[in-house]
Every structure is written in structure tokens, then in C-alpha cells.
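Below is structure.txt, which holds compact mmCIF, C-alpha atoms.
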```txt
# COMPACT_ATOMS: atom_id res chain seq x y z
CA MET C 2 151.49 197.43 -145.20
CA PRO C 3 151.91 200.81 -143.47
CA ARG C 4 154.64 203.15 -144.67
CA ARG C 5 156.82 205.23 -142.36
CA LEU C 6 156.86 209.01 -142.68
CA LYS C 7 159.73 211.10 -141.36
CA LEU C 8 158.64 214.63 -140.45
CA ILE C 9 160.45 217.84 -139.56
CA ILE C 10 158.26 219.94 -137.26
CA ALA C 11 158.68 223.53 -136.05
CA TYR C 12 156.67 224.98 -133.19
CA ASP C 13 156.32 227.90 -130.85
CA GLY C 14 156.25 226.15 -127.49
CA ALA C 15 154.56 228.98 -125.56
CA PRO C 16 150.91 227.84 -126.00
CA PHE C 17 151.59 224.15 -125.36
CA ALA C 18 152.39 221.88 -122.40
CA GLY C 19 155.46 220.46 -124.11
CA TRP C 20 155.84 217.74 -126.73
CA GLN C 21 154.64 214.57 -125.00
CA SER C 22 150.95 213.62 -124.99
CA GLN C 23 149.08 214.33 -121.74
CA SER C 24 145.53 213.85 -120.47
CA HIS C 25 144.55 217.48 -121.19
CA ARG C 26 145.59 216.95 -124.84
CA ASN C 27 147.34 220.31 -125.18
CA THR C 28 150.71 219.12 -126.39
CA VAL C 29 152.44 219.19 -129.78
CA GLN C 30 152.22 215.41 -130.08
CA ASP C 31 148.47 215.53 -129.33
CA TYR C 32 147.80 218.10 -132.04
CA LEU C 33 149.84 216.17 -134.60
CA GLU C 34 148.05 212.91 -133.81
CA ARG C 35 144.65 214.60 -134.08
CA ALA C 36 145.61 216.04 -137.48
CA PHE C 37 146.74 212.64 -138.74
CA LYS C 38 143.50 211.04 -137.53
CA ARG C 39 141.43 213.59 -139.42
CA VAL C 40 143.38 212.89 -142.62
CA THR C 41 143.55 209.09 -142.34
CA GLY C 42 140.47 208.27 -140.25
CA GLU C 43 142.68 206.13 -137.99
CA ALA C 44 144.45 206.71 -134.67
CA VAL C 45 148.23 206.82 -135.09
CA ARG C 46 151.18 207.33 -132.75
CA VAL C 47 153.63 210.09 -133.64
CA HIS C 48 157.11 209.37 -132.25
CA GLY C 49 159.34 212.38 -131.56
CA ALA C 50 163.12 212.55 -131.37
CA GLY C 51 162.81 213.87 -127.83
CA ARG C 52 160.46 215.46 -125.34
CA THR C 53 160.67 219.24 -125.15
CA ASP C 54 159.22 220.81 -121.99
CA ALA C 55 156.33 223.25 -121.74
CA GLY C 56 157.35 226.58 -123.25
CA VAL C 57 160.36 225.20 -125.15
CA HIS C 58 160.43 225.87 -128.90
CA ALA C 59 161.63 223.80 -131.86
CA LEU C 60 163.07 224.97 -135.17
CA ALA C 61 163.38 221.40 -136.47
CA GLN C 62 161.99 218.65 -134.25
CA CYS C 63 162.07 215.28 -135.97
CA ALA C 64 159.27 212.71 -135.73
CA HIS C 65 158.05 209.59 -137.47
CA VAL C 66 154.66 207.99 -137.94
CA ASP C 67 153.38 204.84 -139.66
CA VAL C 68 150.48 205.43 -142.04
CA LEU C 69 148.30 203.26 -144.26
CA LYS C 70 147.10 206.20 -146.36
CA LEU C 71 149.81 206.84 -148.96
CA LEU C 72 149.64 210.50 -149.96
CA PRO C 73 152.54 212.16 -151.80
CA ALA C 74 154.89 213.89 -149.35
CA ASP C 75 153.89 217.42 -150.42
CA ARG C 76 150.21 216.53 -149.91
CA TRP C 77 150.94 215.45 -146.34
CA ILE C 78 152.53 218.83 -145.62
CA LYS C 79 149.51 220.73 -146.97
CA ALA C 80 146.96 218.46 -145.27
CA LEU C 81 148.63 218.59 -141.85
CA ASN C 82 149.28 222.34 -141.89
CA ALA C 83 145.65 222.98 -142.82
CA LEU C 84 144.60 221.21 -139.60
CA LEU C 85 147.36 222.18 -137.15
CA PRO C 86 147.28 225.34 -135.02
CA SER C 87 149.34 228.16 -136.52
CA ALA C 88 152.00 227.72 -133.79
CA ILE C 89 152.85 224.23 -135.17
CA ARG C 90 154.04 223.63 -138.71
CA ALA C 91 155.17 220.57 -140.63
CA LEU C 92 158.14 221.82 -142.65
CA ARG C 93 159.22 218.70 -144.52
CA CYS C 94 158.33 215.02 -144.77
CA ARG C 95 159.35 211.96 -146.73
CA TYR C 96 158.85 208.22 -146.68
CA VAL C 97 161.69 206.31 -145.02
CA SER C 98 162.61 202.73 -144.15
CA HIS C 99 161.06 201.08 -141.10
CA ASP C 100 164.62 200.86 -139.76
CA PHE C 101 164.46 204.60 -139.08
CA HIS C 102 163.28 205.68 -135.62
CA ALA C 103 163.08 209.38 -134.73
CA ARG C 104 164.45 208.84 -131.22
CA LEU C 105 166.51 205.66 -131.40
CA SER C 106 168.26 206.53 -134.68
CA ALA C 107 169.33 209.99 -133.48
CA LYS C 108 173.07 210.57 -133.11
CA GLY C 109 172.75 213.89 -131.33
CA LYS C 110 170.91 217.18 -130.93
CA ILE C 111 171.69 220.87 -131.05
CA TYR C 112 169.95 223.28 -128.67
CA ARG C 113 170.15 227.07 -128.65
CA TYR C 114 169.42 229.25 -125.63
CA ARG C 115 168.69 232.98 -126.08
CA ILE C 116 169.24 235.66 -123.42
CA TRP C 117 168.25 239.31 -123.83
CA THR C 118 170.63 241.51 -121.79
CA ALA C 119 169.09 244.98 -121.87
CA ALA C 120 166.90 247.04 -119.55
CA ILE C 121 163.83 246.56 -121.76
CA LEU C 122 162.67 243.33 -123.41
CA PRO C 123 161.13 244.14 -126.82
CA PRO C 124 157.59 242.74 -127.14
CA PHE C 125 158.61 240.53 -130.07
CA GLU C 126 161.18 238.84 -127.82
CA TYR C 127 158.52 238.02 -125.20
CA ARG C 128 158.54 234.24 -124.62
CA ARG C 129 161.50 233.94 -127.01
CA ALA C 130 164.35 234.83 -124.66
CA TRP C 131 165.31 234.97 -120.99
CA HIS C 132 165.30 238.64 -120.00
CA ILE C 133 168.26 239.60 -117.82
CA ALA C 134 168.24 243.37 -117.44
CA GLN C 135 172.03 243.75 -117.14
CA PRO C 136 175.11 242.84 -119.18
CA LEU C 137 176.73 239.42 -118.78
CA ASP C 138 180.50 238.97 -118.61
CA LEU C 139 181.01 237.27 -121.97
CA LYS C 140 184.60 236.29 -121.20
CA ILE C 141 183.53 234.38 -118.07
CA LEU C 142 180.55 232.91 -119.93
CA LYS C 143 182.83 231.48 -122.65
CA SER C 144 185.38 230.25 -120.12
CA ALA C 145 182.73 228.51 -118.02
CA ALA C 146 181.11 226.93 -121.10
CA LYS C 147 184.34 225.03 -121.92
CA HIS C 148 184.01 223.02 -118.69
CA PHE C 149 180.96 221.20 -120.09
CA VAL C 150 182.70 219.98 -123.25
CA GLY C 151 183.61 216.29 -123.23
CA THR C 152 182.12 213.13 -121.73
CA HIS C 153 180.83 213.59 -118.19
CA ASP C 154 178.29 212.32 -115.70
CA PHE C 155 175.61 215.01 -115.89
CA ALA C 156 173.51 213.78 -112.97
CA ALA C 157 174.16 217.09 -111.19
CA PHE C 158 172.71 218.91 -114.23
CA ALA C 159 169.51 216.90 -114.59
CA ALA C 160 166.08 217.08 -112.99
CA ASN C 161 164.03 214.13 -111.83
CA ARG C 162 161.36 213.16 -114.37
CA GLY C 163 159.85 210.57 -112.03
CA LYS C 164 161.91 207.57 -113.06
CA PRO C 165 165.69 207.10 -112.95
CA GLU C 166 167.73 207.37 -116.14
CA PRO C 167 169.74 204.23 -117.03
CA SER C 168 172.84 206.45 -117.27
CA ALA C 169 173.62 210.14 -116.84
CA ILE C 170 176.78 209.90 -118.98
CA ARG C 171 176.56 212.27 -121.95
CA THR C 172 179.06 213.75 -124.40
CA ILE C 173 178.96 217.46 -125.19
CA ASN C 174 180.74 218.19 -128.47
CA SER C 175 180.68 221.97 -128.19
CA VAL C 176 179.17 224.90 -126.29
CA ARG C 177 179.31 228.08 -128.41
CA VAL C 178 178.63 231.47 -126.85
CA ARG C 179 177.92 234.45 -129.12
CA GLN C 180 176.58 237.96 -128.65
CA LYS C 181 174.91 240.28 -131.16
CA GLY C 182 173.77 243.51 -129.58
CA PRO C 183 171.85 242.70 -126.40
CA CYS C 184 171.15 239.09 -127.50
CA VAL C 185 173.45 236.39 -126.12
CA THR C 186 173.08 232.89 -127.59
CA ILE C 187 174.45 229.69 -126.08
CA GLU C 188 174.41 226.77 -128.53
CA VAL C 189 174.98 223.27 -127.16
CA ASP C 190 175.76 220.26 -129.38
CA GLY C 191 175.65 216.86 -127.68
CA ASP C 192 174.95 213.19 -128.22
CA GLY C 193 171.94 213.33 -125.90
CA PHE C 194 170.40 215.36 -123.11
CA LEU C 195 168.82 214.60 -119.74
CA TYR C 196 165.63 216.19 -118.40
CA LYS C 197 166.21 219.98 -118.07
CA MET C 198 169.93 219.46 -118.65
CA VAL C 199 170.46 222.40 -121.02
CA ARG C 200 168.44 224.76 -118.81
CA LEU C 201 170.46 223.73 -115.73
CA MET C 202 173.70 224.19 -117.67
CA VAL C 203 172.64 227.67 -118.80
CA GLY C 204 171.52 228.54 -115.28
CA ALA C 205 174.99 227.68 -113.97
CA LEU C 206 176.73 229.61 -116.77
CA VAL C 207 174.69 232.75 -116.10
CA LYS C 208 175.36 232.54 -112.35
CA CYS C 209 179.08 232.44 -113.17
CA ALA C 210 178.76 235.39 -115.57
CA LEU C 211 176.94 237.42 -112.90
CA GLY C 212 179.60 236.64 -110.29
CA LYS C 213 177.23 234.52 -108.19
CA MET C 214 179.13 231.25 -108.68
CA ASP C 215 182.76 230.25 -109.26
CA VAL C 216 183.51 228.71 -112.64
CA GLU C 217 185.34 225.85 -110.90
CA GLU C 218 182.07 224.78 -109.28
CA ILE C 219 180.88 223.48 -112.66
CA THR C 220 183.79 221.02 -112.70
CA LEU C 221 183.13 220.05 -109.07
CA ARG C 222 179.46 219.33 -109.84
CA LEU C 223 180.38 217.22 -112.88
CA LYS C 224 182.72 215.17 -110.68
CA SER C 225 180.31 214.84 -107.76
CA SER C 226 177.33 213.50 -109.80
CA GLU C 227 175.07 214.70 -106.99
CA PRO C 228 172.34 217.35 -107.44
CA SER C 229 173.04 220.56 -105.55
CA SER C 230 170.43 222.51 -103.60
CA ALA C 231 171.85 225.68 -105.18
CA ARG C 232 170.95 224.63 -108.74
CA PHE C 233 168.96 226.97 -110.95
CA ALA C 234 167.28 226.09 -114.25
CA ALA C 235 167.03 228.85 -116.84
CA PRO C 236 163.43 229.60 -117.93
CA ALA C 237 161.95 227.41 -120.67
CA GLU C 238 161.04 230.24 -123.05
CA GLY C 239 164.64 230.92 -124.10
CA LEU C 240 165.30 227.35 -125.27
CA PHE C 241 165.07 226.16 -128.89
CA LEU C 242 165.67 222.68 -130.32
CA VAL C 243 167.65 223.61 -133.44
CA ARG C 244 168.33 220.25 -135.08
CA VAL C 245 168.42 216.50 -134.55
CA ARG C 246 171.45 214.78 -136.08
CA TYR C 247 171.23 211.32 -137.70
```
How would this structure read if it were set down as C-alpha cells?
Amino acid sequence: MPRRLKLIIAYDGAPFAGWQSQSHRNTVQDYLERAFKRVTGEAVRVHGAGRTDAGVHALAQCAHVDVLKLLPADRWIKALNALLPSAIRALRCRYVSHDFHARLSAKGKIYRYRIWTAAILPPFEYRRAWHIAQPLDLKILKSAAKHFVGTHDFAAFAANRGKPEPSAIRTINSVRVRQKGPCVTIEVDGDGFLYKMVRLMVGALVKCALGKMDVEEITLRLKSSEPSSARFAAPAEGLFLVRVRY
């Protein structure tokens, strides 16, 4: 009988076309599945907690996979990391019950978005933050962020992935805005997220902080449930999946 492995994966999203497997085979899921095949000799399917877009990073993506080869957990970590590109690392793994499912068992996720608000973007922040070469009004940013907290229809803050979502209702537990020097972080904790939802939320918050949009428009969009032609998604490189909650 196969056993189920739960994995915690970190990756720099810049070199990859997102999480989900594609025909060109340059995704995080593709590299993980190739590594498992080399270790086990069999094709396996790695199931992630969610699909991060091209350029989006993960500090702790969760995944599971069913394997027939029963290595100790620490051996799996060493074997996988020896075969994975340096921009992908298996951090932890353990055997779990078959009742566990990386996506279906998840209770929520935490995302962090990073913005660098200075004239010059340091080279080590390249592809790690959205560069906005001017200060943001932190008071407006925090005020606008509160409008997202609660249970809302987020259809106006979602992009079309090609097939309709069963429901656009999501609950946002908190949106925390912090600043340390030129780096502004926006951390969003919710029970689930639609396609490009966090990036569209951040795009709206930044437009408010730059005086290009009224804060009240966020509430109007949440009530309308209709996508606006004036929407703007923040760039992918500033977004990090911090944690999946179970």
C-alpha cells in the first residue's frame, strides 16, 4: 500500500512558470514530480495546497504525494534536494494519514506582499518586491486595508482563469500593513483566495495610497461583484505564500 507524504516546500518563483504543471514542464510541480520519479522509479502526482502564479514565491507551500518507496522522512528531504534546482527546496516532510489532502484539508492561507518605496531598488530586492519609487501614505493604506476584512463576494477582485469559480465568497481574517524603512509589507490572512485576488487587492490599496482611487471604491466593488475596467493587479514578484493553515 502506498503511504502519503506531507511536504513543506519553499521556492523562488522567478525562474518558474508558477506551481501547476504545464506542457513546457518548467513549473515547481513539474520539478518535484521529476525528482520523485528519479528516486522511486515511478511517476507520481504531487498535490499542492494551491496554485501560485508565475513569479510568485513561497516560504512554506504545502503538498502531498503518495509513494510506494518508504524512505525515512529525513532521507526524502536529502534525496529530493539533491535533485531539485537550487531555487526549490523541500524543508520538511512526514508521513500522514490518507485523510489528509494538501488542498482540501486547508483551513486558510497567509500571503505577504512586499513593496520597496525608495528611488533605487537594491539589486538583492530585484524580483522580491514591487518597486514604487515614491513614499506611500501609510495611514490611507491601513485605512483602506480594513475594508477587505470580513466575508465578502470577491468577484470584483478576481481574474478569469478560464473556468468560473463555484463561489467568489471568501473570508479575510486580517490585512496587516507594516513599514520598516523603505519596505512596506501587506500580509493577508484568509480562508481561501481566488485567482490573482491578493494582487488585485494590493493594486487597489496602492492606488488609494497614491491618491489615484477613493478608499470607498473598495467597498463599492465588494458590493457590486462585477469586475471593473479600472482594476490593476500588483506585479507577481512581490507576492509570497507564507503559510497554509490546517
| request: Using only C-alpha atoms, find the one residue out of C:Ala210, C:Ala91, C:Leu72, C:Ile187 that sits nearest to Val29 (chain C). | output: C:Ala91
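Residue neighbourhood of Ser87 (chain C), excluding near-sequence residues (fewer than 2 positions): C:Ala11, C:Tyr12, C:Asp13, C:Gly14, C:Pro16, C:Val29, C:Tyr32, C:Leu81, C:Asn82, C:Ala83, C:Leu84, C:Leu85, C:Ile89, C:Arg90, C:Ala91, at 12 Å, using only C-alpha atoms.
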| field | Close residues, region 98-111 of chain C itself excluded, 12 Å, only C-alpha atoms, min 2 positions apart in chain, as a VMD selection string | value | chain C and resid 2 to 10 47 to 53 59 to 68 95 to 96 113 to 114 171 to 177 187 to 195 199 240 to 247
| For Asn161 (chain C), the nearest of the candidates C:Leu223, C:Pro86, C:Tyr196, C:Ala145, counting only C-alpha atoms | C:Tyr196
| Using all atoms listed in the file, can you list as JSON, numbers by chain the residues within 12 Å of (181.0, 228.6, -111.9)? | {"C": [141, 142, 143, 144, 145, 146, 147, 148, 149, 202, 203, 204, 205, 206, 207, 208, 209, 210, 211, 212, 213, 214, 215, 216, 217, 218, 219, 220, 221, 222, 223, 231, 232]}
| query | If you count all atoms listed in the file, which residues fall within 8 Å of Asp31 (chain C), apart from same-chain ones fewer than 6 positions away, as number ranges by chain? | reply | C: 21-23
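Take CA of Ala130 (chain C) and CA of Phe158 (chain C): the distance between them is 20.8 Å.
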Would you compute the box with edges along x, y and z of the file around region 154-159 of chain C, including every atom the file lists for it and 5 Å extra on each side, and give its centre and edge lengths in Å to one decimal, as lines of an AutoDock Vina configuration file?
```
center_x = 173.9
center_y = 215.6
center_z = -113.5
size_x = 18.8
size_y = 16.6
size_z = 14.7
```
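Separating CA of Val57 (chain C) from CA of Met198 (chain C) is a distance of 12.9 Å.
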Kindly provide, as an mmCIF file with C-alpha atoms, in the coordinates of the input, the polymer residues lying within 6 Å of (150.5, 219.2, -123.9), counting only C-alpha atoms and using the coordinates exactly as they appear in the file.
```cif
data_model
loop_
_atom_site.group_PDB
_atom_site.id
_atom_site.type_symbol
_atom_site.label_atom_id
_atom_site.label_comp_id
_atom_site.auth_asym_id
_atom_site.auth_seq_id
_atom_site.Cartn_x
_atom_site.Cartn_y
_atom_site.Cartn_z
ATOM 1 C CA PHE C 17 151.590 224.150 -125.360
ATOM 2 C CA ALA C 18 152.390 221.880 -122.400
ATOM 3 C CA GLY C 19 155.460 220.460 -124.110
ATOM 4 C CA SER C 22 150.950 213.620 -124.990
ATOM 5 C CA GLN C 23 149.080 214.330 -121.740
ATOM 6 C CA ARG C 26 145.590 216.950 -124.840
ATOM 7 C CA ASN C 27 147.340 220.310 -125.180
ATOM 8 C CA THR C 28 150.710 219.120 -126.390
#
```
Using 10 Å as the limit and counting all atoms listed in the file, can you tabulate each residue of region 142-205 of chain C that touches region 117-124 of chain C, with its shortest atom-to-atom distance in Å and the two atoms involved, as JSON lines?
```
{"residue": "C:Gln180", "atom": "CA", "partner": "C:Trp117", "partner_atom": "CA", "distance": 9.7}
{"residue": "C:Lys181", "atom": "CA", "partner": "C:Trp117", "partner_atom": "CA", "distance": 10.0}
{"residue": "C:Gly182", "atom": "CA", "partner": "C:Thr118", "partner_atom": "CA", "distance": 8.6}
{"residue": "C:Pro183", "atom": "CA", "partner": "C:Thr118", "partner_atom": "CA", "distance": 4.9}
{"residue": "C:Cys184", "atom": "CA", "partner": "C:Trp117", "partner_atom": "CA", "distance": 4.7}
{"residue": "C:Val185", "atom": "CA", "partner": "C:Trp117", "partner_atom": "CA", "distance": 6.4}
{"residue": "C:Thr186", "atom": "CA", "partner": "C:Trp117", "partner_atom": "CA", "distance": 8.9}
```
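Relative to CA of Glu227 (chain C), CA of Gly239 (chain C) is found at 25.8 Å.
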With C-alpha atoms as the atom set, please write region 23-158 of chain C from the structure just given, as a short mmCIF file (atom, residue, chain, number, x, y, z; two decimals), in the first residue's frame.
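And here is the file that came out, part-v5.cif:
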```
data_model
loop_
_atom_site.label_atom_id
_atom_site.label_comp_id
_atom_site.auth_asym_id
_atom_site.auth_seq_id
_atom_site.Cartn_x
_atom_site.Cartn_y
_atom_site.Cartn_z
CA GLN C 23 2.32 22.75 -17.86
CA SER C 24 3.37 21.33 -21.23
CA HIS C 25 6.76 23.09 -21.15
CA ARG C 26 7.49 21.38 -17.80
CA ASN C 27 9.02 24.47 -16.18
CA THR C 28 6.87 24.63 -13.07
CA VAL C 29 7.52 23.82 -9.41
CA GLN C 30 5.15 20.85 -9.57
CA ASP C 31 6.96 19.50 -12.64
CA TYR C 32 10.37 19.66 -10.97
CA LEU C 33 9.07 17.97 -7.82
CA GLU C 34 7.44 15.17 -9.80
CA ARG C 35 10.62 14.60 -11.81
CA ALA C 36 12.64 14.39 -8.58
CA PHE C 37 10.24 11.86 -7.09
CA LYS C 38 10.36 9.75 -10.26
CA ARG C 39 14.15 9.64 -10.14
CA VAL C 40 14.05 8.47 -6.51
CA THR C 41 11.19 5.97 -6.81
CA GLY C 42 11.37 4.95 -10.48
CA GLU C 43 7.62 5.61 -10.77
CA ALA C 44 5.51 8.55 -11.96
CA VAL C 45 3.68 10.24 -9.08
CA ARG C 46 1.34 13.20 -8.77
CA VAL C 47 2.31 15.93 -6.30
CA HIS C 48 -0.76 17.79 -5.00
CA GLY C 49 -0.22 21.37 -3.82
CA ALA C 50 -2.29 23.41 -1.39
CA GLY C 51 -2.82 25.99 -4.12
CA ARG C 52 -1.55 27.25 -7.45
CA THR C 53 0.87 30.15 -7.23
CA ASP C 54 1.31 32.17 -10.43
CA ALA C 55 4.49 32.64 -12.44
CA GLY C 56 6.94 34.77 -10.45
CA VAL C 57 5.18 34.27 -7.10
CA HIS C 58 7.32 32.91 -4.26
CA ALA C 59 6.58 30.51 -1.40
CA LEU C 60 8.11 30.38 2.07
CA ALA C 61 6.05 27.32 3.03
CA GLN C 62 3.90 25.80 0.30
CA CYS C 63 2.30 22.55 1.43
CA ALA C 64 1.96 19.48 -0.79
CA HIS C 65 1.27 15.77 -0.52
CA VAL C 66 2.25 12.76 -2.57
CA ASP C 67 1.56 9.02 -2.35
CA VAL C 68 4.66 6.84 -2.55
CA LEU C 69 5.39 3.12 -2.52
CA LYS C 70 9.05 3.59 -1.62
CA LEU C 71 9.20 4.05 2.16
CA LEU C 72 12.28 6.09 2.98
CA PRO C 73 12.68 7.75 6.39
CA ALA C 74 11.45 11.36 6.28
CA ASP C 75 14.95 12.87 6.59
CA ARG C 76 16.13 10.71 3.67
CA TRP C 77 13.34 12.08 1.49
CA ILE C 78 14.48 15.64 2.23
CA LYS C 79 18.09 14.87 1.28
CA ALA C 80 17.15 12.86 -1.82
CA LEU C 81 14.74 15.48 -3.19
CA ASN C 82 17.01 18.46 -2.51
CA ALA C 83 19.89 16.70 -4.25
CA LEU C 84 17.77 16.54 -7.42
CA LEU C 85 15.79 19.80 -7.29
CA PRO C 86 17.05 23.10 -8.72
CA SER C 87 18.55 25.36 -6.07
CA ALA C 88 15.52 27.70 -6.29
CA ILE C 89 13.27 24.92 -4.90
CA ARG C 90 13.82 23.28 -1.53
CA ALA C 91 11.94 20.67 0.46
CA LEU C 92 12.09 21.99 4.04
CA ARG C 93 10.17 19.33 5.95
CA CYS C 94 8.23 16.14 5.33
CA ARG C 95 6.43 13.45 7.28
CA TYR C 96 4.09 10.55 6.69
CA VAL C 97 0.43 11.38 7.29
CA SER C 98 -2.97 9.71 7.07
CA HIS C 99 -4.65 9.30 3.69
CA ASP C 100 -7.39 11.54 5.11
CA PHE C 101 -5.02 14.48 4.72
CA HIS C 102 -5.20 16.43 1.44
CA ALA C 103 -2.92 19.43 0.87
CA ARG C 104 -5.67 21.47 -0.81
CA LEU C 105 -8.94 20.10 0.54
CA SER C 106 -7.80 19.92 4.18
CA ALA C 107 -6.54 23.52 4.22
CA LYS C 108 -8.37 25.93 6.52
CA GLY C 109 -6.71 29.05 5.19
CA LYS C 110 -3.59 30.72 3.83
CA ILE C 111 -1.40 33.68 4.67
CA TYR C 112 0.14 35.76 1.87
CA ARG C 113 2.66 38.59 2.21
CA TYR C 114 3.19 41.31 -0.37
CA ARG C 115 6.39 43.41 -0.32
CA ILE C 116 6.73 46.94 -1.75
CA TRP C 117 10.01 48.87 -1.91
CA THR C 118 9.28 52.62 -1.67
CA ALA C 119 12.58 54.32 -2.46
CA ALA C 120 14.16 55.91 -5.52
CA ILE C 121 16.54 52.98 -6.01
CA LEU C 122 15.70 49.27 -5.78
CA PRO C 123 18.67 47.39 -4.28
CA PRO C 124 19.81 44.51 -6.52
CA PHE C 125 19.05 41.95 -3.81
CA GLU C 126 15.42 43.11 -3.81
CA TYR C 127 15.13 42.56 -7.57
CA ARG C 128 12.22 40.15 -8.21
CA ARG C 129 11.47 40.16 -4.46
CA ALA C 130 9.43 43.36 -4.20
CA TRP C 131 7.32 45.76 -6.23
CA HIS C 132 9.42 48.88 -6.76
CA ILE C 133 7.44 52.10 -6.29
CA ALA C 134 9.90 54.99 -6.37
CA GLN C 135 7.93 57.24 -4.00
CA PRO C 136 6.52 57.05 -0.46
CA LEU C 137 3.07 55.58 0.15
CA ASP C 138 0.59 57.17 2.55
CA LEU C 139 0.66 54.50 5.26
CA LYS C 140 -2.36 55.93 7.08
CA ILE C 141 -4.52 55.61 3.95
CA LEU C 142 -3.05 52.18 3.21
CA LYS C 143 -4.06 50.89 6.66
CA SER C 144 -7.48 52.51 6.47
CA ALA C 145 -8.19 51.04 3.04
CA ALA C 146 -6.98 47.57 4.11
CA LYS C 147 -9.71 47.36 6.79
CA HIS C 148 -12.40 47.38 4.08
CA PHE C 149 -11.34 43.90 2.93
CA VAL C 150 -11.70 42.28 6.36
CA GLY C 151 -14.78 40.08 6.75
CA THR C 152 -16.83 37.85 4.46
CA HIS C 153 -17.42 39.34 1.02
CA ASP C 154 -18.04 38.45 -2.60
CA PHE C 155 -14.59 38.99 -4.12
CA ALA C 156 -15.63 38.56 -7.76
CA ALA C 157 -14.50 42.15 -8.44
CA PHE C 158 -11.04 41.22 -7.09
#
```
